[in-house]
Amino acid sequence: MARRMTTLDHTIRKAHSSYGQRRVTTGLTQTHEYWMPTTHHIECEHNPEVIKYHPGGTTLAIQCDNGAVYLHANGATRKLEIVRASRGHITAEMTWGLHTSSDILFASSACLNDASGVHKAFDVTRNKVVVEFDANKEACSTLALDPSGDRLFIATEGPEATYILRQFDVRARTRKAVHKIELEPFVDITDKAAMDINSLSLSADGLYLAAGRTDNWVDVYDARMLARGPLHSLAHEDSDKLTKTYGVVKTQWVDGAPYGVGLISGGADGCVRLWDVRRSSSDPFNGTVLARCDDDVSTFTLGDMYRGEVPLIVGECSGMVTVFEHVGSS
């Protein structure tokens, strides 16, 4: 299992809530900070790696590398434990619920020693676990919730050099997966430690699921019929760096101005690209470059220009964060 973004000194996330804008950073200093409009610091027991606001409020979920998530709201912080810290797990991924699951935080772990994992859904209002999903105790690579809040997709590290994608019924809160497939083999990667699924994301209508991979490819599936295999396989260009790369680290669907309908991904070629899934994967004009950086893309976030936000912020593996006031094409 490849652990992502370990070369970053700082990674920026831009988070929005119904109470306004907050710009948040987190790094390998066991703290994170946010501005609104003054700077605040929150101490964590372990290094914070990902931070996400609740979509409908100001509760901040802080994902740390000790198998726990910390919830910060109204000046207080509480801990949700996926697995005991003594078991050597990191918190691999988390996501907030939506609509009927809006009171739920989904979080999964991964053990770097034996590739095991735990996958839980927490009711944050009652501060309790409501379901522990059965993914054969496999380590989580990443997870995603569909826009309806009813289907949870978890990618895990399977036996040998395989990766598994499972779909769970959130509404029914059943432990067993309703669908399960083996993901495509990795391209030009033989070292299992370099294999991973970095990102899962679903289109606004819930029809398409994108999987960003460490081999610098994005596979797009019909989320209703996973067993059909990828509808599209989209490739970023190879990195020209001699250092370790992490492939496609993030995918995000868009539906509206200024991008139209499509899929945005950031890869090892230092580019944030826009893909049109209505066009062929082999179309040489597919994969419009929205931004080009000097180093591999580590993360990106899109802003709503109609709300006065900058259109694109990109974090690079070098630790550089770039704010793009305009996005172009090439």
# chains A, B, ... in the order shown; residues from 1 in each chain; ligands from 1

call {"tool": "residues_around", "arguments": {"residues": "A:Met305", "least_positions_apart": "4", "cutoff": "12 Å", "atoms": "only C-alpha atoms", "output": "list of chain:residue names"}}
result
A:Gly256, A:Ala257, A:Pro258, A:Tyr259, A:Glu309, A:Val310, A:Pro311, A:Leu312, A:Phe324, A:Glu325, A:His326, A:Val327

call {"tool": "closest_atom_pairs", "arguments": {"of": "stretch 91-186 of chain A", "to": "stretch 62-86 of chain A", "cutoff": "10 Å", "atoms": "only C-alpha atoms", "output": "tab-separated table"}}
result
residue	atom	partner	partner_atom	distance
A:Thr91	CA	A:Gly67	CA	4.4
A:Ala92	CA	A:Asp65	CA	7.9
A:Glu93	CA	A:Gln63	CA	7.5
A:Met94	CA	A:Gln63	CA	7.3
A:Thr95	CA	A:Gln63	CA	10.0
A:Leu105	CA	A:Val69	CA	9.5
A:Phe106	CA	A:Ile82	CA	9.8
A:Ala107	CA	A:Ile82	CA	7.1
A:Ser108	CA	A:Ile82	CA	6.8
A:Ser109	CA	A:Gly67	CA	5.9
A:Ala110	CA	A:Gly67	CA	7.9
A:Cys111	CA	A:Gly67	CA	8.9
A:Gly117	CA	A:Val83	CA	8.8
A:Val118	CA	A:Ile82	CA	6.8
A:His119	CA	A:Ile82	CA	7.3
A:Lys120	CA	A:Ile82	CA	6.6
A:Ala121	CA	A:Ile82	CA	9.1
A:Phe122	CA	A:Leu80	CA	7.8
A:Val124	CA	A:Leu71	CA	8.7
A:Asn127	CA	A:Leu80	CA	7.8
A:Lys128	CA	A:Leu80	CA	8.4
A:Val129	CA	A:Leu80	CA	9.0
A:Glu132	CA	A:Ile82	CA	9.5

call {"tool": "write_last_selection", "arguments": {"atoms": "N, CA and C atoms", "output": "CSV table (one decimal), in the first residue's frame"}}
result
chain,number,residue,atom,x,y,z
A,91,THR,N,-5.5,6.7,9.7
A,91,THR,CA,-6.8,6.9,9.1
A,91,THR,C,-6.7,7.2,7.6
A,92,ALA,N,-7.2,6.2,6.8
A,92,ALA,CA,-6.9,6.3,5.4
A,92,ALA,C,-7.8,7.3,4.6
A,93,GLU,N,-9.0,7.4,5.0
A,93,GLU,CA,-10.0,8.3,4.3
A,93,GLU,C,-11.2,8.5,5.2
A,94,MET,N,-11.9,9.6,4.9
A,94,MET,CA,-13.2,9.9,5.6
A,94,MET,C,-14.0,10.7,4.7
A,95,THR,N,-15.3,10.7,4.9
A,95,THR,CA,-16.2,11.6,4.1
A,95,THR,C,-17.5,11.8,4.9
A,105,LEU,N,-20.6,10.3,9.7
A,105,LEU,CA,-19.2,10.4,9.2
A,105,LEU,C,-18.7,9.0,8.9
A,106,PHE,N,-18.3,8.8,7.7
A,106,PHE,CA,-17.7,7.5,7.3
A,106,PHE,C,-16.2,7.6,7.3
A,107,ALA,N,-15.6,6.7,7.9
A,107,ALA,CA,-14.1,6.7,8.1
A,107,ALA,C,-13.5,5.3,8.1
A,108,SER,N,-12.4,5.2,7.4
A,108,SER,CA,-11.7,3.9,7.3
A,108,SER,C,-10.2,4.0,7.6
A,109,SER,N,-9.7,2.9,8.0
A,109,SER,CA,-8.2,2.8,8.4
A,109,SER,C,-7.5,1.9,7.5
A,110,ALA,N,-6.1,2.0,7.7
A,110,ALA,CA,-5.2,1.1,7.0
A,110,ALA,C,-4.0,0.8,7.8
A,111,CYS,N,-3.6,-0.4,8.0
A,111,CYS,CA,-2.4,-0.7,8.7
A,111,CYS,C,-1.2,-0.9,7.7
A,117,GLY,N,-7.6,-3.4,7.6
A,117,GLY,CA,-8.3,-2.1,7.8
A,117,GLY,C,-9.6,-2.3,8.5
A,118,VAL,N,-10.2,-1.2,9.0
A,118,VAL,CA,-11.5,-1.2,9.7
A,118,VAL,C,-12.3,0.0,9.0
A,119,HIS,N,-13.6,-0.3,8.8
A,119,HIS,CA,-14.4,0.7,8.1
A,119,HIS,C,-15.7,0.9,8.9
A,120,LYS,N,-15.9,2.2,9.3
A,120,LYS,CA,-17.0,2.5,10.2
A,120,LYS,C,-17.8,3.7,9.8
A,121,ALA,N,-19.1,3.7,10.2
A,121,ALA,CA,-19.9,4.8,10.1
A,121,ALA,C,-20.3,5.3,11.5
A,122,PHE,N,-20.0,6.6,11.7
A,122,PHE,CA,-20.2,7.2,13.1
A,122,PHE,C,-21.4,8.1,13.0
A,124,VAL,N,-22.5,11.2,14.4
A,124,VAL,CA,-21.8,12.3,15.2
A,124,VAL,C,-22.7,13.0,16.2
A,127,ASN,N,-22.7,10.3,18.9
A,127,ASN,CA,-21.3,9.9,19.2
A,127,ASN,C,-21.1,8.4,19.3
A,128,LYS,N,-21.6,7.7,18.4
A,128,LYS,CA,-21.5,6.2,18.4
A,128,LYS,C,-21.4,5.6,17.0
A,129,VAL,N,-20.9,4.4,16.9
A,129,VAL,CA,-20.7,3.7,15.7
A,129,VAL,C,-22.1,3.1,15.4
A,132,GLU,N,-20.3,-1.2,11.2
A,132,GLU,CA,-18.9,-1.5,10.8
A,132,GLU,C,-19.0,-2.3,9.5

call {"tool": "atom_distance", "arguments": {"atom1": "atom CA of A:Glu184", "atom2": "atom CA of A:Asp205"}}
result
24.1 Å

call {"tool": "select_by_dssp", "arguments": {"residues": "stretch 105-282 of chain A", "states": "strand (DSSP E)", "output": "ChimeraX atom specification"}}
result
/A:105-111,119-123,128-132,140-145,151-157,163-169,179-182,197-202,208-213,217-222,232-235,250-256,260-266,271-275

call {"tool": "closest_residue", "arguments": {"among": "A:Lys250, A:His89, A:His99, A:Arg213", "to": "A:Pro55", "atoms": "only C-alpha atoms"}}
result
A:His99

call {"tool": "residues_around", "arguments": {"residues": "A:Pro284", "least_positions_apart": "6", "cutoff": "12 Å", "atoms": "only C-alpha atoms", "output": "list in words"}}
result
Leu234, Ala235, His236, Glu237, Trp275, Asp276 and Ser330 of chain A

call {"tool": "write_last_selection", "arguments": {"atoms": "C-alpha atoms", "output": "short mmCIF file (atom, residue, chain, number, x, y, z; two decimals), in the first residue's frame"}}
result
data_model
loop_
_atom_site.label_atom_id
_atom_site.label_comp_id
_atom_site.auth_asym_id
_atom_site.auth_seq_id
_atom_site.Cartn_x
_atom_site.Cartn_y
_atom_site.Cartn_z
CA LEU A 234 -7.83 8.21 -19.13
CA ALA A 235 -4.07 8.76 -18.87
CA HIS A 236 -2.00 11.68 -17.66
CA GLU A 237 1.44 12.03 -19.23
CA TRP A 275 -11.93 15.24 -19.39
CA ASP A 276 -15.13 14.96 -21.42
CA SER A 330 -3.77 23.97 -23.87
#

call {"tool": "residues_around", "arguments": {"residues": "A:Ala155", "least_positions_apart": "4", "cutoff": "10 Å", "atoms": "only C-alpha atoms", "output": "list in words"}}
result
Ala135, Glu138, Ala139, Cys140, Ser141, Thr142, Leu143, Ala144, Tyr163, Ile164, Leu165, Arg166, Gln167, Lys180, Ile181, Glu182, Leu183, Asp196, Ile197, Asn198, Ser199, Leu200 and Ala211 of chain A

call {"tool": "atom_distance", "arguments": {"atom1": "atom CA of A:Val170", "atom2": "atom CA of A:Lys52"}}
result
20.0 Å

call {"tool": "closest_residue", "arguments": {"among": "A:Ser148, A:Asp283, A:Ile90, A:Gly308", "to": "A:Pro48", "atoms": "only C-alpha atoms"}}
result
A:Ile90

call {"tool": "closest_residue", "arguments": {"among": "A:Leu207, A:Ala172, A:Ala268, A:Leu145", "to": "A:Ser239", "atoms": "only C-alpha atoms"}}
result
A:Ala268

call {"tool": "select_by_dssp", "arguments": {"residues": "stretch 184-276 of chain A", "states": "helix (DSSP H, G or I)", "output": "VMD selection string"}}
result
chain A and resid 192 to 194 226 to 228

call {"tool": "closest_residue", "arguments": {"among": "A:Tyr221, A:Phe285, A:Tyr246, A:Phe133", "to": "A:Ser201", "atoms": "only C-alpha atoms"}}
result
A:Tyr221

call {"tool": "atom_distance", "arguments": {"atom1": "atom CA of A:Arg273", "atom2": "atom CA of A:Asn286"}}
result
8.9 Å

call {"tool": "closest_residue", "arguments": {"among": "A:Lys176, A:Gly149, A:Arg171, A:Ser101", "to": "A:Asp134", "atoms": "only C-alpha atoms"}}
result
A:Lys176

call {"tool": "closest_residue", "arguments": {"among": "A:Gly266, A:Val272, A:Val277, A:Arg151", "to": "A:Tyr208", "atoms": "only C-alpha atoms"}}
result
A:Val277
